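File shown here: final.csv, holding CSV, C-alpha atoms.
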```
chain,number,residue,atom,x,y,z
A,1,MET,CA,-33.4,-22.1,-80.9
A,2,GLU,CA,-33.6,-25.8,-80.2
A,3,ASP,CA,-32.5,-26.5,-83.8
A,4,LEU,CA,-29.5,-24.2,-83.3
A,5,LYS,CA,-28.5,-26.0,-80.2
A,6,GLU,CA,-28.6,-29.4,-82.0
A,7,LYS,CA,-26.7,-28.0,-84.9
A,8,LEU,CA,-24.0,-26.6,-82.5
A,9,LYS,CA,-23.6,-29.9,-80.9
A,10,GLU,CA,-23.0,-31.6,-84.3
A,11,GLN,CA,-20.6,-28.8,-85.3
A,12,ILE,CA,-18.6,-29.1,-82.1
A,13,ILE,CA,-18.3,-32.9,-82.5
A,14,ASP,CA,-17.3,-32.5,-86.1
A,15,ARG,CA,-14.8,-29.6,-85.8
A,16,LEU,CA,-13.2,-30.7,-82.6
A,17,ASN,CA,-12.9,-34.3,-83.7
A,18,LEU,CA,-14.8,-35.7,-80.7
A,19,GLU,CA,-15.0,-39.1,-82.2
A,20,ASP,CA,-16.1,-40.8,-78.9
A,21,VAL,CA,-18.9,-38.3,-78.3
A,22,ASN,CA,-22.5,-38.3,-79.5
A,23,VAL,CA,-25.0,-35.5,-79.6
A,24,THR,CA,-26.9,-37.2,-76.8
A,25,ASP,CA,-23.8,-37.2,-74.6
A,26,PHE,CA,-24.0,-33.5,-73.7
A,27,SER,CA,-26.9,-31.6,-72.4
A,28,ASP,CA,-27.7,-28.0,-73.1
A,29,ASP,CA,-26.5,-26.8,-69.6
A,30,MET,CA,-23.4,-29.0,-69.3
A,31,PRO,CA,-20.1,-27.1,-69.0
A,32,LEU,CA,-18.2,-27.4,-72.3
A,33,PHE,CA,-14.8,-26.9,-70.6
A,34,GLY,CA,-13.6,-28.5,-67.4
A,35,GLY,CA,-16.2,-31.3,-67.8
A,36,GLY,CA,-16.6,-34.6,-69.4
A,37,LEU,CA,-15.9,-33.4,-73.0
A,38,GLY,CA,-12.2,-32.8,-72.2
A,39,LEU,CA,-11.9,-29.7,-74.3
A,40,ASP,CA,-8.7,-27.7,-74.1
A,41,SER,CA,-7.4,-24.3,-75.1
A,42,ILE,CA,-6.9,-25.3,-78.7
A,43,ASP,CA,-10.6,-26.3,-78.8
A,44,ALA,CA,-11.5,-22.9,-77.5
A,45,LEU,CA,-9.6,-21.3,-80.4
A,46,GLU,CA,-11.4,-23.7,-82.9
A,47,LEU,CA,-14.8,-22.5,-81.4
A,48,ILE,CA,-13.8,-18.9,-82.0
A,49,VAL,CA,-13.0,-19.9,-85.6
A,50,LEU,CA,-16.3,-21.7,-85.9
A,51,LEU,CA,-18.2,-18.6,-84.7
A,52,GLU,CA,-16.5,-16.4,-87.3
A,53,ASN,CA,-16.6,-18.9,-90.2
A,54,ASP,CA,-20.2,-20.2,-89.7
A,55,TYR,CA,-22.0,-17.4,-88.0
A,56,GLY,CA,-20.0,-14.3,-89.1
A,57,ILE,CA,-19.4,-13.4,-85.5
A,58,GLU,CA,-16.0,-12.0,-84.6
A,59,LEU,CA,-15.2,-12.2,-81.0
A,60,ALA,CA,-13.9,-8.7,-80.3
A,61,ASN,CA,-13.1,-9.3,-76.6
A,62,PRO,CA,-11.6,-12.7,-75.9
A,63,GLU,CA,-12.4,-12.2,-72.2
A,64,GLU,CA,-16.0,-12.8,-73.1
A,65,GLY,CA,-15.2,-16.2,-74.3
A,66,LYS,CA,-15.4,-17.9,-71.0
A,67,GLU,CA,-19.0,-16.8,-70.5
A,68,ILE,CA,-20.0,-17.4,-74.2
A,69,PHE,CA,-18.5,-20.9,-74.3
A,70,ASP,CA,-19.8,-21.9,-70.9
A,71,THR,CA,-22.6,-24.2,-72.2
A,72,ILE,CA,-24.5,-24.9,-75.3
A,73,ASN,CA,-27.3,-22.7,-73.9
A,74,SER,CA,-24.9,-19.7,-73.5
A,75,LEU,CA,-23.3,-20.3,-76.9
A,76,ALA,CA,-26.6,-20.6,-78.7
A,77,ASP,CA,-27.9,-17.5,-76.9
A,78,TYR,CA,-24.9,-15.4,-77.9
A,79,ILE,CA,-25.2,-16.6,-81.6
A,80,GLN,CA,-28.9,-15.8,-81.7
A,81,LYS,CA,-28.2,-12.2,-80.5
A,82,ASN,CA,-25.1,-11.5,-82.6
A,83,ARG,CA,-25.3,-13.5,-85.8
A,84,LYS,CA,-25.0,-11.6,-89.1
B,85,MET,CA,26.4,-52.7,-74.4
B,86,ASN,CA,22.7,-51.7,-74.8
B,87,TYR,CA,20.0,-53.9,-76.3
B,88,ILE,CA,16.9,-53.8,-78.4
B,89,SER,CA,14.2,-55.2,-76.2
B,90,SER,CA,11.2,-54.7,-78.5
B,91,TYR,CA,10.6,-53.5,-82.0
B,92,CYS,CA,7.6,-52.8,-84.2
B,93,HIS,CA,6.9,-52.0,-87.9
B,94,ILE,CA,3.9,-50.3,-89.3
B,95,SER,CA,3.4,-50.0,-93.0
B,96,SER,CA,0.4,-49.5,-95.3
B,97,ALA,CA,0.4,-53.2,-95.8
B,98,SER,CA,0.9,-54.6,-92.3
B,99,CYS,CA,1.9,-54.2,-88.7
B,100,SER,CA,4.3,-56.4,-86.9
B,101,VAL,CA,5.7,-56.6,-83.4
B,102,ASN,CA,9.0,-58.3,-82.7
B,103,GLY,CA,8.8,-59.8,-86.2
B,104,LYS,CA,5.4,-61.2,-85.8
B,105,ILE,CA,2.6,-59.8,-88.0
B,106,ILE,CA,-0.4,-58.7,-86.0
B,107,ASN,CA,-2.4,-56.8,-88.6
B,108,THR,CA,-2.6,-56.9,-92.4
B,109,PHE,CA,-4.5,-54.2,-94.3
B,110,ASN,CA,-6.7,-54.5,-97.4
B,111,THR,CA,-7.2,-50.8,-98.0
B,112,ASP,CA,-5.4,-47.9,-99.5
B,113,SER,CA,-7.0,-45.5,-97.0
B,114,LEU,CA,-4.5,-44.3,-94.4
B,115,ASP,CA,-7.5,-43.2,-92.2
B,116,GLU,CA,-8.9,-46.8,-92.3
B,117,ILE,CA,-5.5,-48.3,-91.5
B,118,ILE,CA,-4.9,-45.9,-88.6
B,119,SER,CA,-8.4,-46.4,-87.3
B,120,GLU,CA,-8.1,-50.2,-87.5
B,121,LEU,CA,-4.8,-50.1,-85.6
B,122,TYR,CA,-6.3,-47.8,-82.9
B,123,THR,CA,-9.4,-50.0,-82.5
B,124,SER,CA,-7.2,-53.1,-82.1
B,125,LEU,CA,-5.4,-51.5,-79.2
B,126,GLY,CA,-8.7,-51.6,-77.3
B,127,ILE,CA,-8.1,-48.2,-75.6
B,128,LYS,CA,-10.1,-45.0,-75.4
B,129,TYR,CA,-8.0,-41.8,-75.5
B,130,SER,CA,-10.1,-38.9,-76.8
B,131,LYS,CA,-7.0,-36.8,-77.7
B,132,PHE,CA,-6.0,-39.4,-80.2
B,133,HIS,CA,-8.7,-38.3,-82.6
B,134,LYS,CA,-7.4,-34.7,-82.6
B,135,MET,CA,-3.9,-35.7,-83.6
B,136,ASP,CA,-2.5,-35.5,-87.1
B,137,GLU,CA,-1.6,-38.7,-88.9
B,138,LEU,CA,2.1,-38.5,-87.9
B,139,SER,CA,1.3,-38.2,-84.2
B,140,LYS,CA,-1.3,-41.0,-84.5
B,141,VAL,CA,1.2,-43.4,-86.0
B,142,GLY,CA,3.8,-42.4,-83.3
B,143,PHE,CA,1.1,-42.9,-80.6
B,144,ILE,CA,0.1,-46.4,-82.0
B,145,GLY,CA,3.7,-47.5,-82.3
B,146,THR,CA,4.4,-46.5,-78.7
B,147,GLU,CA,1.3,-48.4,-77.5
B,148,LEU,CA,2.4,-51.5,-79.4
B,149,ILE,CA,5.9,-51.3,-77.9
B,150,LYS,CA,4.4,-50.9,-74.4
B,151,ASN,CA,2.1,-53.9,-74.9
B,152,SER,CA,5.0,-56.1,-76.0
B,153,PHE,CA,7.2,-54.9,-73.2
B,154,PRO,CA,5.1,-54.4,-70.0
B,155,GLU,CA,8.3,-53.9,-68.0
B,156,ILE,CA,8.3,-50.4,-69.4
B,157,GLU,CA,5.9,-49.3,-66.6
B,158,SER,CA,8.7,-49.8,-64.1
B,159,TYR,CA,10.8,-46.9,-65.5
B,160,GLY,CA,10.6,-43.6,-63.8
B,161,GLU,CA,9.2,-40.5,-65.5
B,162,ASN,CA,12.6,-39.2,-66.4
B,163,ASP,CA,14.2,-42.5,-67.3
B,164,ILE,CA,13.0,-43.0,-70.9
B,165,ALA,CA,14.5,-40.9,-73.6
B,166,LEU,CA,12.5,-40.4,-76.8
B,167,LEU,CA,14.5,-40.3,-80.0
B,168,PHE,CA,12.5,-39.9,-83.2
B,169,SER,CA,13.3,-39.0,-86.8
B,170,ASN,CA,11.7,-38.9,-90.2
B,171,GLN,CA,12.2,-37.8,-93.8
B,172,ARG,CA,9.7,-34.9,-94.4
B,173,SER,CA,9.1,-33.4,-91.0
B,174,SER,CA,5.5,-32.4,-90.7
B,175,ALA,CA,5.1,-31.5,-94.4
B,176,LYS,CA,1.8,-33.2,-94.9
B,177,THR,CA,0.1,-31.3,-92.1
B,178,ASP,CA,2.0,-28.1,-93.1
B,179,ILE,CA,0.2,-28.3,-96.5
B,180,LYS,CA,-3.2,-29.0,-94.9
B,181,PHE,CA,-2.6,-26.0,-92.6
B,182,LEU,CA,-1.8,-23.7,-95.6
B,183,ASP,CA,-4.9,-25.1,-97.4
B,184,SER,CA,-7.0,-24.2,-94.4
B,185,TYR,CA,-6.7,-20.5,-95.0
B,186,LYS,CA,-5.5,-20.0,-98.6
B,187,ASP,CA,-8.9,-19.0,-99.9
B,188,GLY,CA,-9.4,-16.3,-97.3
B,189,GLY,CA,-10.4,-18.7,-94.6
B,190,ILE,CA,-9.2,-18.5,-91.0
B,191,PRO,CA,-6.1,-20.7,-90.2
B,192,SER,CA,-7.1,-23.7,-88.1
B,193,PRO,CA,-5.5,-23.6,-84.6
B,194,SER,CA,-5.8,-27.3,-84.2
B,195,LEU,CA,-3.9,-27.9,-87.5
B,196,PHE,CA,-1.3,-25.3,-86.6
B,197,VAL,CA,-0.4,-27.3,-83.4
B,198,TYR,CA,0.8,-30.1,-85.6
B,199,THR,CA,3.0,-28.1,-87.9
B,200,LEU,CA,6.1,-29.2,-86.1
B,201,PRO,CA,7.1,-32.9,-86.1
B,202,ASN,CA,8.2,-32.9,-82.5
B,203,ILE,CA,4.6,-32.6,-81.3
B,204,LEU,CA,4.6,-36.4,-81.9
B,205,ILE,CA,7.1,-36.6,-79.0
B,206,GLY,CA,4.8,-34.2,-77.0
B,207,GLU,CA,1.8,-36.4,-77.5
B,208,ILE,CA,3.7,-39.5,-76.3
B,209,SER,CA,5.1,-37.6,-73.3
B,210,ILE,CA,1.6,-36.4,-72.3
B,211,ARG,CA,0.0,-39.8,-72.7
B,212,ASN,CA,2.7,-41.6,-70.7
B,213,LYS,CA,4.1,-38.9,-68.4
B,214,TRP,CA,7.6,-39.5,-69.8
B,215,PHE,CA,9.7,-36.4,-69.4
B,216,GLY,CA,13.2,-37.7,-70.2
B,217,GLU,CA,15.6,-36.4,-72.9
B,218,ASN,CA,14.0,-36.1,-76.3
B,219,MET,CA,15.0,-35.3,-79.9
B,220,PHE,CA,13.3,-35.2,-83.3
B,221,THR,CA,15.6,-35.0,-86.3
B,222,ILE,CA,14.9,-34.9,-90.0
B,223,SER,CA,17.0,-37.2,-92.1
B,224,LYS,CA,17.0,-38.4,-95.7
B,225,ASN,CA,17.1,-42.0,-94.7
B,226,PHE,CA,16.8,-44.2,-91.6
B,227,ASP,CA,20.3,-43.5,-90.1
B,228,THR,CA,21.4,-46.5,-88.1
B,229,GLU,CA,24.6,-44.9,-87.0
B,230,TYR,CA,22.8,-41.9,-85.7
B,231,PHE,CA,20.3,-43.9,-83.7
B,232,THR,CA,23.0,-46.2,-82.3
B,233,ASN,CA,25.4,-43.5,-81.3
B,234,TYR,CA,22.8,-41.2,-79.9
B,235,CYS,CA,21.2,-44.0,-77.9
B,236,ASN,CA,24.5,-45.1,-76.5
B,237,ILE,CA,25.3,-41.6,-75.4
B,238,LEU,CA,21.8,-41.1,-73.8
B,239,LEU,CA,21.9,-44.4,-72.0
B,240,ASN,CA,25.4,-43.7,-70.7
B,241,LYS,CA,24.3,-40.4,-69.3
B,242,ASN,CA,20.8,-39.5,-68.2
B,243,ALA,CA,18.5,-42.2,-69.6
B,244,GLU,CA,17.8,-45.8,-68.5
B,245,ALA,CA,16.1,-46.7,-71.7
B,246,ALA,CA,15.2,-45.1,-75.0
B,247,LEU,CA,12.1,-45.3,-77.3
B,248,CYS,CA,13.2,-44.7,-80.8
B,249,GLY,CA,11.1,-44.2,-84.0
B,250,TRP,CA,11.4,-43.6,-87.7
B,251,VAL,CA,8.0,-42.3,-88.6
B,252,ASN,CA,6.9,-41.4,-92.1
B,253,VAL,CA,3.4,-40.6,-93.3
B,254,ASP,CA,3.1,-39.5,-96.8
B,255,ASP,CA,0.1,-38.9,-99.1
B,256,ASN,CA,-0.7,-42.6,-99.4
B,257,LYS,CA,1.9,-44.4,-97.5
B,258,ILE,CA,2.9,-45.2,-93.9
B,259,GLU,CA,6.4,-46.3,-93.1
B,260,ALA,CA,7.3,-46.5,-89.4
B,261,PHE,CA,9.8,-48.5,-87.4
B,262,PHE,CA,10.0,-48.3,-83.6
B,263,PHE,CA,12.4,-49.9,-81.2
B,264,PHE,CA,12.9,-49.8,-77.4
B,265,VAL,CA,16.5,-49.8,-76.1
B,266,THR,CA,17.4,-51.0,-72.6
B,267,LYS,CA,20.7,-51.4,-70.7
B,268,LYS,CA,20.2,-55.2,-70.3
B,269,ASP,CA,18.8,-57.8,-72.7
B,270,LEU,CA,15.6,-58.0,-70.7
B,271,LYS,CA,13.6,-59.9,-73.3
B,272,GLN,CA,16.5,-62.2,-74.4
B,273,LEU,CA,16.0,-61.2,-78.0
B,274,ASN,CA,19.7,-61.2,-78.4
B,275,LEU,CA,19.7,-58.0,-80.3
B,276,PRO,CA,22.6,-55.8,-79.1
B,277,LEU,CA,22.2,-52.2,-80.3
B,278,GLU,CA,24.6,-52.2,-83.2
B,279,SER,CA,24.2,-50.4,-86.5
B,280,LYS,CA,24.3,-53.6,-88.5
B,281,ILE,CA,21.7,-55.3,-86.4
B,282,LEU,CA,19.5,-52.3,-86.4
B,283,SER,CA,19.7,-52.1,-90.2
B,284,GLY,CA,18.7,-55.7,-90.4
B,285,LEU,CA,15.7,-55.3,-88.2
B,286,TYR,CA,14.6,-52.1,-90.2
B,287,THR,CA,14.8,-53.7,-93.6
B,288,ALA,CA,13.0,-56.9,-92.3
B,289,SER,CA,9.8,-54.9,-92.3
```
Structure encoded using structure tokens:
Amino acid sequence: MEDLKEKLKEQIIDRLNLEDVNVTDFSDDMPLFGGGLGLDSIDALELIVLLENDYGIELANPEEGKEIFDTINSLADYIQKNRK
Amino acid sequence: MNYISSYCHISSASCSVNGKIINTFNTDSLDEIISELYTSLGIKYSKFHKMDELSKVGFIGTELIKNSFPEIESYGENDIALLFSNQRSSAKTDIKFLDSYKDGGIPSPSLFVYTLPNILIGEISIRNKWFGENMFTISKNFDTEYFTNYCNILLNKNAEAALCGWVNVDDNKIEAFFFFVTKKDLKQLNLPLESKILSGLYTAS
């Protein structure tokens, strides 16, 4: 699980072009949106694409996104339970 | 009569402001050139890294004009018109976007955002909170008559000043020219906004 969290941080930095952010800049329970990372709605769409491309998870209900993408903990937990 | 109060050229070889070279580049990599220019600005703006190359060059040119003309801060949020043009619209990013899903992949939302050239104007507006008139046109060449006439109309109507740009980013080349037009010759550059003078400044890059 810890490996997955670290990988997710690296993927988020890479895919969302967070050039000024390091893996150590965000903790597992830090809110991904509305916080210091400055993510926006386009970033949310990119995270949905990341889930599908890299983990084979298609988000059937976009309403779930808010909860899933809340923190690295929630995202890793969701992937762990739903990855194919 | 309106006046050019600041101007800036960015090419793959160098960058100059008001005729004075401030950067020269010894690389063919557009990424490196853009990165070097951004770093030299000494600012941190996380959204910059998400932009496509066209918007990045538009952003950098605007920052350089602002640095050379601090009086720009005194204009109200609706006072500055943004008038931009280029040769190939957002073609480079359009192709990248197509490539992002041509082999059965999922289209990239963040690339899709930049498949219109006027997002460049949007990025400048968001950064500076400038909400005046704006226009992005596609033209075969830098059209001095168009810029001169349109600027004069804008400054005679709703705008107090205009930031103009001709911004081209192709596969391996940057060619951009920015100029800021004001109602008075505030910087004493003695550059009235006339087609001939504009043409001279543009070709002096």
Cut-off 8 Å: closest chain A/chain B atom pairs per residue, using only C-alpha atoms, as CSV:
```
residue,atom,partner,partner_atom,distance
A:Leu16,CA,B:Lys134,CA,7.0
A:Asn17,CA,B:Lys134,CA,5.6
A:Leu18,CA,B:Ser130,CA,6.9
A:Glu19,CA,B:His133,CA,6.4
A:Asp20,CA,B:Ser130,CA,6.6
A:Gly38,CA,B:Ser130,CA,7.9
A:Ile42,CA,B:Ser194,CA,6.0
A:Asp43,CA,B:Ser194,CA,7.3
A:Leu45,CA,B:Pro193,CA,6.3
A:Glu46,CA,B:Pro193,CA,6.1
A:Val49,CA,B:Ile190,CA,6.7
A:Asn53,CA,B:Ile190,CA,7.5
```
Write out the residues from the selection above, keeping C-alpha atoms, as an mmCIF file, in the frame of the given file.
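After the write, selection.cif holds the following:
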```
data_model
loop_
_atom_site.group_PDB
_atom_site.id
_atom_site.type_symbol
_atom_site.label_atom_id
_atom_site.label_comp_id
_atom_site.auth_asym_id
_atom_site.auth_seq_id
_atom_site.Cartn_x
_atom_site.Cartn_y
_atom_site.Cartn_z
ATOM 1 C CA LEU A 16 -13.200 -30.700 -82.600
ATOM 2 C CA ASN A 17 -12.900 -34.300 -83.700
ATOM 3 C CA LEU A 18 -14.800 -35.700 -80.700
ATOM 4 C CA GLU A 19 -15.000 -39.100 -82.200
ATOM 5 C CA ASP A 20 -16.100 -40.800 -78.900
ATOM 6 C CA GLY A 38 -12.200 -32.800 -72.200
ATOM 7 C CA ILE A 42 -6.900 -25.300 -78.700
ATOM 8 C CA ASP A 43 -10.600 -26.300 -78.800
ATOM 9 C CA LEU A 45 -9.600 -21.300 -80.400
ATOM 10 C CA GLU A 46 -11.400 -23.700 -82.900
ATOM 11 C CA VAL A 49 -13.000 -19.900 -85.600
ATOM 12 C CA ASN A 53 -16.600 -18.900 -90.200
#
```
Name the closest residue to B:Phe220 among the candidates B:Ser158, B:Tyr234, B:Ile88, B:Glu147; distances are taken between atoms, counting only C-alpha atoms.
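Closest to B:Phe220 of all the choices is B:Tyr234.
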Excluding A:Gln80 and residues on its chain fewer than 5 positions from it, collect all residues at most 9 Å away from it, counting all atoms listed in the file, and give them as a ChimeraX atom specification.
/A:1,4,75
Kindly indicate which residue among A:Leu37, A:Leu8, A:Val23, A:Leu47 lies nearest to A:Phe69, using only C-alpha atoms for the distances.
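Looking only at the distances to A:Phe69, the closest residue turns out to be A:Leu47.
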Counting all atoms listed in the file, which of A:Leu50, A:Glu6, A:Asp14, A:Ala44 gets nearest to A:Glu64?
A:Ala44
Using atom CA of B:Tyr159 and atom CA of B:Leu138 as the two end points, give the distance in Å to one decimal.
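Straight-line distance from atom CA of B:Tyr159 to atom CA of B:Leu138 works out to 25.5 Å.
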If I take atom CA of B:Ala243 and atom CA of B:Glu217, how far is one from the other in Å, to one decimal?
7.3 Å
